[in-house]
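The structure appears below as structure tokens.
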Amino acid sequence: MAVTFKDRVVLVTGGSRGLGNAFARCLAQAGATVAINSSTEDDRGTTQAINDAGGRAIHFPGRVEDSAVLIEKVVLECGRIDAIVHNAGFIQDKTLRKMPEEQWDSVMDVHLKTSYKLAKAAWPHFEKQGSGRIVLMSSSAGLYGNFGQANYASAKMGMYGLAQSIGQEGAKTNITCNCVSPFGATEMNSANFPEALKTAIKADYVAPLVAYLTHEDCKESGSMFEASAGSFKKVRWERTVGLNLDPRTDEVSIDVVAENWGQVVDFSETEHPSGMGDALQLMYARTMTAE
């Protein structure tokens with residue numbers, strides 16, 4: 001069964017180049033009207049290429065941080081908005097010790113704060129239509145950390161908390177939000193890559209997952225995925241069964257924690273909480289029983 005986006009409008013921020021270009025083209029090929037946001041007026045190459053190929057794309061230049069204005073322009077021009085792919089962003093790398101607050105704030109604003117602003121601005125339109133899809137571009141730097149990228153990693157991991165919260169708040173009105181941690185060769189990141197590697201990790205091989213997460217039939221929400229080279233994986237939190245003391249009968253002290261540290265960090269047995277309530281229930285289960 002072919003997945004189609006007939007009569008659907010998807011906004012792709014940073015959609016004129018790199019990964020965003022691949023996302024926009026994939027969505028257009030599946031029938032979506034693609035609203036492409038980029039920072040400059042003359043950055044219209046992707047829009048033109050999509051239209052020349054028989055698809056429909058409209059360019060919306062401007063700062064993605066002006067999210068409410070952008071969303072209203074898309075709705076005014078296209079008549080609706082069904083999904084958002086927030087791909088726009090940049091890096092300003094420096095070790096934490098040397099990073100000025102301005103570099104922290106600027107990276108946090110364009111990645112994390114703008115995710116909030118886009119979702120908030122689109123929410124009334126999504127509610128009115130009875131559905132909405134949000135996909136946030138996270139990063140392996142957020143999942144695993146990266147030297148010199150404390151600002152970027154924090155913003156990208158923050159997106160996951162945002163997506164999980166939106167997933168819960170949007171459930172009753174069919175609004176979903178997911179994160180994708182992508183890796184694909186672009187002009188910016190692959191200048192020194194061998195050609196064979198560039199071919200294997202084309203941005204086009206990330207795009208199908210991103211596009212599917214914006215489709216009305218996809219009910220997944222509050223999740224994190226990794227995607228690269230045609231490989232797509234869902235990521236979930238895992239924790240150790242750990243050390244479980246009962247304060248009614250056990251000593252709870254630094255010494256006990258130190259003596260049993262191997263048990264605290266032993267992943268031979270694990271738990272996979274489905275949410276905050278499940279996580280707390282599993283943690284408190286032993287103390288909630290009657291004496």
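Ordering of the structure tokens sets the chain letters (A, B, ...); residue numbers start at 1 within each chain; ligands are numbered from 1 in the order shown.
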
Worksheet item: Which residues come within 12 Å of Phe23 of chain A, counting only C-alpha atoms, excluding same-chain residues fewer than 5 positions away, as a VMD selection string?
Response: chain A and resid 10 to 18 28 to 30 32 34 to 36 46 50 84 to 88 135 137 182 184 202 to 214

Resulting file, chosen residues, N, CA, C and O atoms, as a short mmCIF file (atom, residue, chain, number, x, y, z; two decimals), in the first residue's frame:
data_model
loop_
_atom_site.label_atom_id
_atom_site.label_comp_id
_atom_site.auth_asym_id
_atom_site.auth_seq_id
_atom_site.Cartn_x
_atom_site.Cartn_y
_atom_site.Cartn_z
N VAL A 10 3.01 20.02 4.79
CA VAL A 10 4.07 19.74 5.76
C VAL A 10 5.11 20.85 5.71
O VAL A 10 5.65 21.15 4.64
N LEU A 11 5.38 21.46 6.84
CA LEU A 11 6.43 22.47 6.95
C LEU A 11 7.75 21.80 7.28
O LEU A 11 7.83 21.03 8.25
N VAL A 12 8.78 22.09 6.51
CA VAL A 12 10.13 21.61 6.79
C VAL A 12 11.02 22.83 7.03
O VAL A 12 11.28 23.60 6.09
N THR A 13 11.46 23.01 8.25
CA THR A 13 12.37 24.12 8.52
C THR A 13 13.78 23.72 8.11
O THR A 13 14.16 22.55 8.22
N GLY A 14 14.53 24.69 7.64
CA GLY A 14 15.85 24.35 7.11
C GLY A 14 15.75 23.39 5.95
O GLY A 14 16.61 22.53 5.74
N GLY A 15 14.70 23.55 5.15
CA GLY A 15 14.39 22.57 4.11
C GLY A 15 15.05 22.80 2.77
O GLY A 15 14.78 22.07 1.82
N SER A 16 15.94 23.78 2.68
CA SER A 16 16.51 24.11 1.39
C SER A 16 17.82 23.39 1.09
O SER A 16 18.30 23.43 -0.04
N ARG A 17 18.39 22.74 2.09
CA ARG A 17 19.68 22.08 1.86
C ARG A 17 19.87 20.94 2.85
O ARG A 17 19.13 20.79 3.80
N GLY A 18 20.89 20.13 2.58
CA GLY A 18 21.26 19.06 3.49
C GLY A 18 20.13 18.08 3.75
O GLY A 18 19.38 17.68 2.84
N ALA A 28 7.42 15.60 -0.93
CA ALA A 28 6.81 16.06 -2.18
C ALA A 28 6.54 14.90 -3.13
O ALA A 28 5.49 14.84 -3.78
N GLN A 29 7.47 13.96 -3.19
CA GLN A 29 7.29 12.79 -4.05
C GLN A 29 6.10 11.95 -3.61
O GLN A 29 5.48 11.27 -4.43
N ALA A 30 5.79 12.01 -2.31
CA ALA A 30 4.64 11.25 -1.79
C ALA A 30 3.34 12.04 -1.87
O ALA A 30 2.31 11.57 -1.41
N ALA A 32 2.80 15.42 -0.82
CA ALA A 32 2.56 16.53 0.11
C ALA A 32 2.84 17.87 -0.56
O ALA A 32 3.69 17.98 -1.45
N VAL A 34 4.78 20.93 0.27
CA VAL A 34 5.87 21.15 1.22
C VAL A 34 6.12 22.64 1.37
O VAL A 34 6.42 23.34 0.39
N ALA A 35 5.98 23.12 2.58
CA ALA A 35 6.33 24.50 2.92
C ALA A 35 7.76 24.50 3.39
O ALA A 35 8.08 23.91 4.43
N ILE A 36 8.64 25.13 2.62
CA ILE A 36 10.06 25.09 2.92
C ILE A 36 10.50 26.41 3.53
O ILE A 36 10.40 27.47 2.90
N THR A 46 15.74 24.20 -3.76
CA THR A 46 14.95 22.99 -3.49
C THR A 46 13.50 23.18 -3.90
O THR A 46 12.89 22.30 -4.51
N ILE A 50 11.64 20.89 -6.79
CA ILE A 50 10.43 20.11 -6.52
C ILE A 50 9.32 20.49 -7.49
O ILE A 50 8.65 19.62 -8.07
N ILE A 84 4.89 19.28 10.98
CA ILE A 84 6.11 20.09 11.04
C ILE A 84 7.31 19.18 11.19
O ILE A 84 7.30 18.26 12.04
N VAL A 85 8.31 19.40 10.40
CA VAL A 85 9.63 18.79 10.59
C VAL A 85 10.58 19.92 10.95
O VAL A 85 10.91 20.75 10.09
N HIS A 86 11.01 19.96 12.20
CA HIS A 86 11.93 21.03 12.61
C HIS A 86 13.36 20.54 12.45
O HIS A 86 13.91 19.84 13.30
N ASN A 87 13.94 20.93 11.33
CA ASN A 87 15.28 20.51 10.97
C ASN A 87 16.30 21.64 11.06
O ASN A 87 17.50 21.40 11.17
N ALA A 88 15.84 22.88 11.03
CA ALA A 88 16.76 24.03 11.01
C ALA A 88 17.59 24.08 12.28
O ALA A 88 17.13 23.73 13.37
N VAL A 135 7.82 16.39 14.06
CA VAL A 135 9.05 15.60 14.09
C VAL A 135 10.21 16.55 14.35
O VAL A 135 10.41 17.52 13.61
N MET A 137 14.31 17.10 14.84
CA MET A 137 15.60 16.51 14.54
C MET A 137 16.51 16.60 15.75
O MET A 137 17.00 17.67 16.11
N PRO A 182 19.40 11.71 13.19
CA PRO A 182 19.81 11.27 11.86
C PRO A 182 21.32 11.39 11.63
O PRO A 182 21.98 12.21 12.27
N GLY A 184 23.35 11.63 7.94
CA GLY A 184 23.41 11.49 6.50
C GLY A 184 24.44 12.45 5.93
O GLY A 184 24.68 13.53 6.50
N LYS A 202 23.74 8.57 2.25
CA LYS A 202 23.03 9.71 1.66
C LYS A 202 21.88 10.14 2.56
O LYS A 202 21.22 9.32 3.20
N ALA A 203 21.62 11.44 2.58
CA ALA A 203 20.50 11.96 3.37
C ALA A 203 19.18 11.35 2.93
O ALA A 203 18.24 11.21 3.73
N ASP A 204 19.08 10.95 1.67
CA ASP A 204 17.86 10.33 1.16
C ASP A 204 17.50 9.06 1.91
O ASP A 204 16.33 8.66 1.93
N TYR A 205 18.49 8.42 2.53
CA TYR A 205 18.24 7.16 3.23
C TYR A 205 17.78 7.38 4.67
O TYR A 205 17.52 6.40 5.38
N VAL A 206 17.69 8.61 5.09
CA VAL A 206 17.10 8.98 6.38
C VAL A 206 15.65 9.41 6.18
O VAL A 206 14.77 9.16 7.01
N ALA A 207 15.39 10.05 5.05
CA ALA A 207 14.12 10.75 4.81
C ALA A 207 12.86 9.90 4.94
O ALA A 207 11.84 10.40 5.46
N PRO A 208 12.84 8.62 4.53
CA PRO A 208 11.57 7.87 4.61
C PRO A 208 11.02 7.76 6.03
O PRO A 208 9.80 7.82 6.23
N LEU A 209 11.89 7.58 7.01
CA LEU A 209 11.41 7.51 8.40
C LEU A 209 10.81 8.83 8.84
O LEU A 209 9.72 8.88 9.42
N VAL A 210 11.51 9.92 8.55
CA VAL A 210 11.03 11.24 8.92
C VAL A 210 9.67 11.50 8.28
O VAL A 210 8.73 11.99 8.92
N ALA A 211 9.57 11.19 7.00
CA ALA A 211 8.31 11.41 6.28
C ALA A 211 7.18 10.58 6.86
O ALA A 211 6.06 11.08 7.07
N TYR A 212 7.44 9.31 7.16
CA TYR A 212 6.37 8.46 7.69
C TYR A 212 5.86 8.97 9.04
O TYR A 212 4.66 8.91 9.32
N LEU A 213 6.76 9.48 9.87
CA LEU A 213 6.35 10.00 11.17
C LEU A 213 5.43 11.21 11.06
O LEU A 213 4.74 11.56 12.01
N THR A 214 5.42 11.86 9.89
CA THR A 214 4.51 13.00 9.68
C THR A 214 3.16 12.57 9.11
O THR A 214 2.27 13.41 8.94
#

Worksheet item: Which residues in segment 89-241 of chain A does DSSP call strand (DSSP E or B)? List them as a PyMOL selection string.
Response: chain A and resi 132-137+175-182+185+202+224-228+231-235+239-240

Item to complete: Mind checking which residues fall within 6 Å of segment 161-175 of chain A, counting only C-alpha atoms, ignoring those fewer than 4 positions away in the same chain, and posting them as a PyMOL selection string?
Response: chain A and resi 130-133+221-222

For the selection you just gave me, I'd like the residues written to a file as a compact mmCIF listing (two decimals), in the first residue's frame, keeping all heavy atoms.
# COMPACT_ATOMS: atom_id res chain seq x y z
N GLY A 130 -8.17 18.12 14.07
CA GLY A 130 -8.29 16.80 14.69
C GLY A 130 -7.05 15.95 14.54
O GLY A 130 -7.08 14.75 14.85
N SER A 131 -5.93 16.55 14.10
CA SER A 131 -4.68 15.80 14.00
C SER A 131 -3.53 16.76 13.74
O SER A 131 -3.72 17.87 13.23
CB SER A 131 -4.73 14.74 12.89
OG SER A 131 -4.75 15.37 11.62
N GLY A 132 -2.34 16.30 14.09
CA GLY A 132 -1.13 17.06 13.81
C GLY A 132 0.08 16.19 14.08
O GLY A 132 0.04 15.32 14.97
N ARG A 133 1.13 16.40 13.32
CA ARG A 133 2.34 15.60 13.48
C ARG A 133 3.55 16.54 13.59
O ARG A 133 3.70 17.47 12.80
CB ARG A 133 2.54 14.66 12.27
CG ARG A 133 1.39 13.67 12.05
CD ARG A 133 1.38 12.61 13.13
NE ARG A 133 0.30 11.65 12.98
CZ ARG A 133 -0.85 11.70 13.62
NH1 ARG A 133 -1.11 12.73 14.43
NH2 ARG A 133 -1.76 10.76 13.46
N SER A 221 4.20 8.10 19.07
CA SER A 221 4.36 9.42 19.68
C SER A 221 5.25 9.35 20.91
O SER A 221 5.26 8.34 21.63
CB SER A 221 2.99 9.99 20.07
OG SER A 221 3.07 11.37 20.34
N GLY A 222 5.99 10.41 21.13
CA GLY A 222 6.87 10.50 22.29
C GLY A 222 8.09 9.62 22.20
O GLY A 222 8.68 9.27 23.23

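One finds atom CA of Phe225 of chain A at 27.8 Å from atom CA of Gly55 of chain A.
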
Worksheet item: So which residues touch Ser274 of chain A within 12 Å, counting only C-alpha atoms, skipping near sequence neighbours fewer than 2 positions away, as number ranges by chain?
Response: A: 164, 168, 222-223, 236-239, 271-272, 276-282
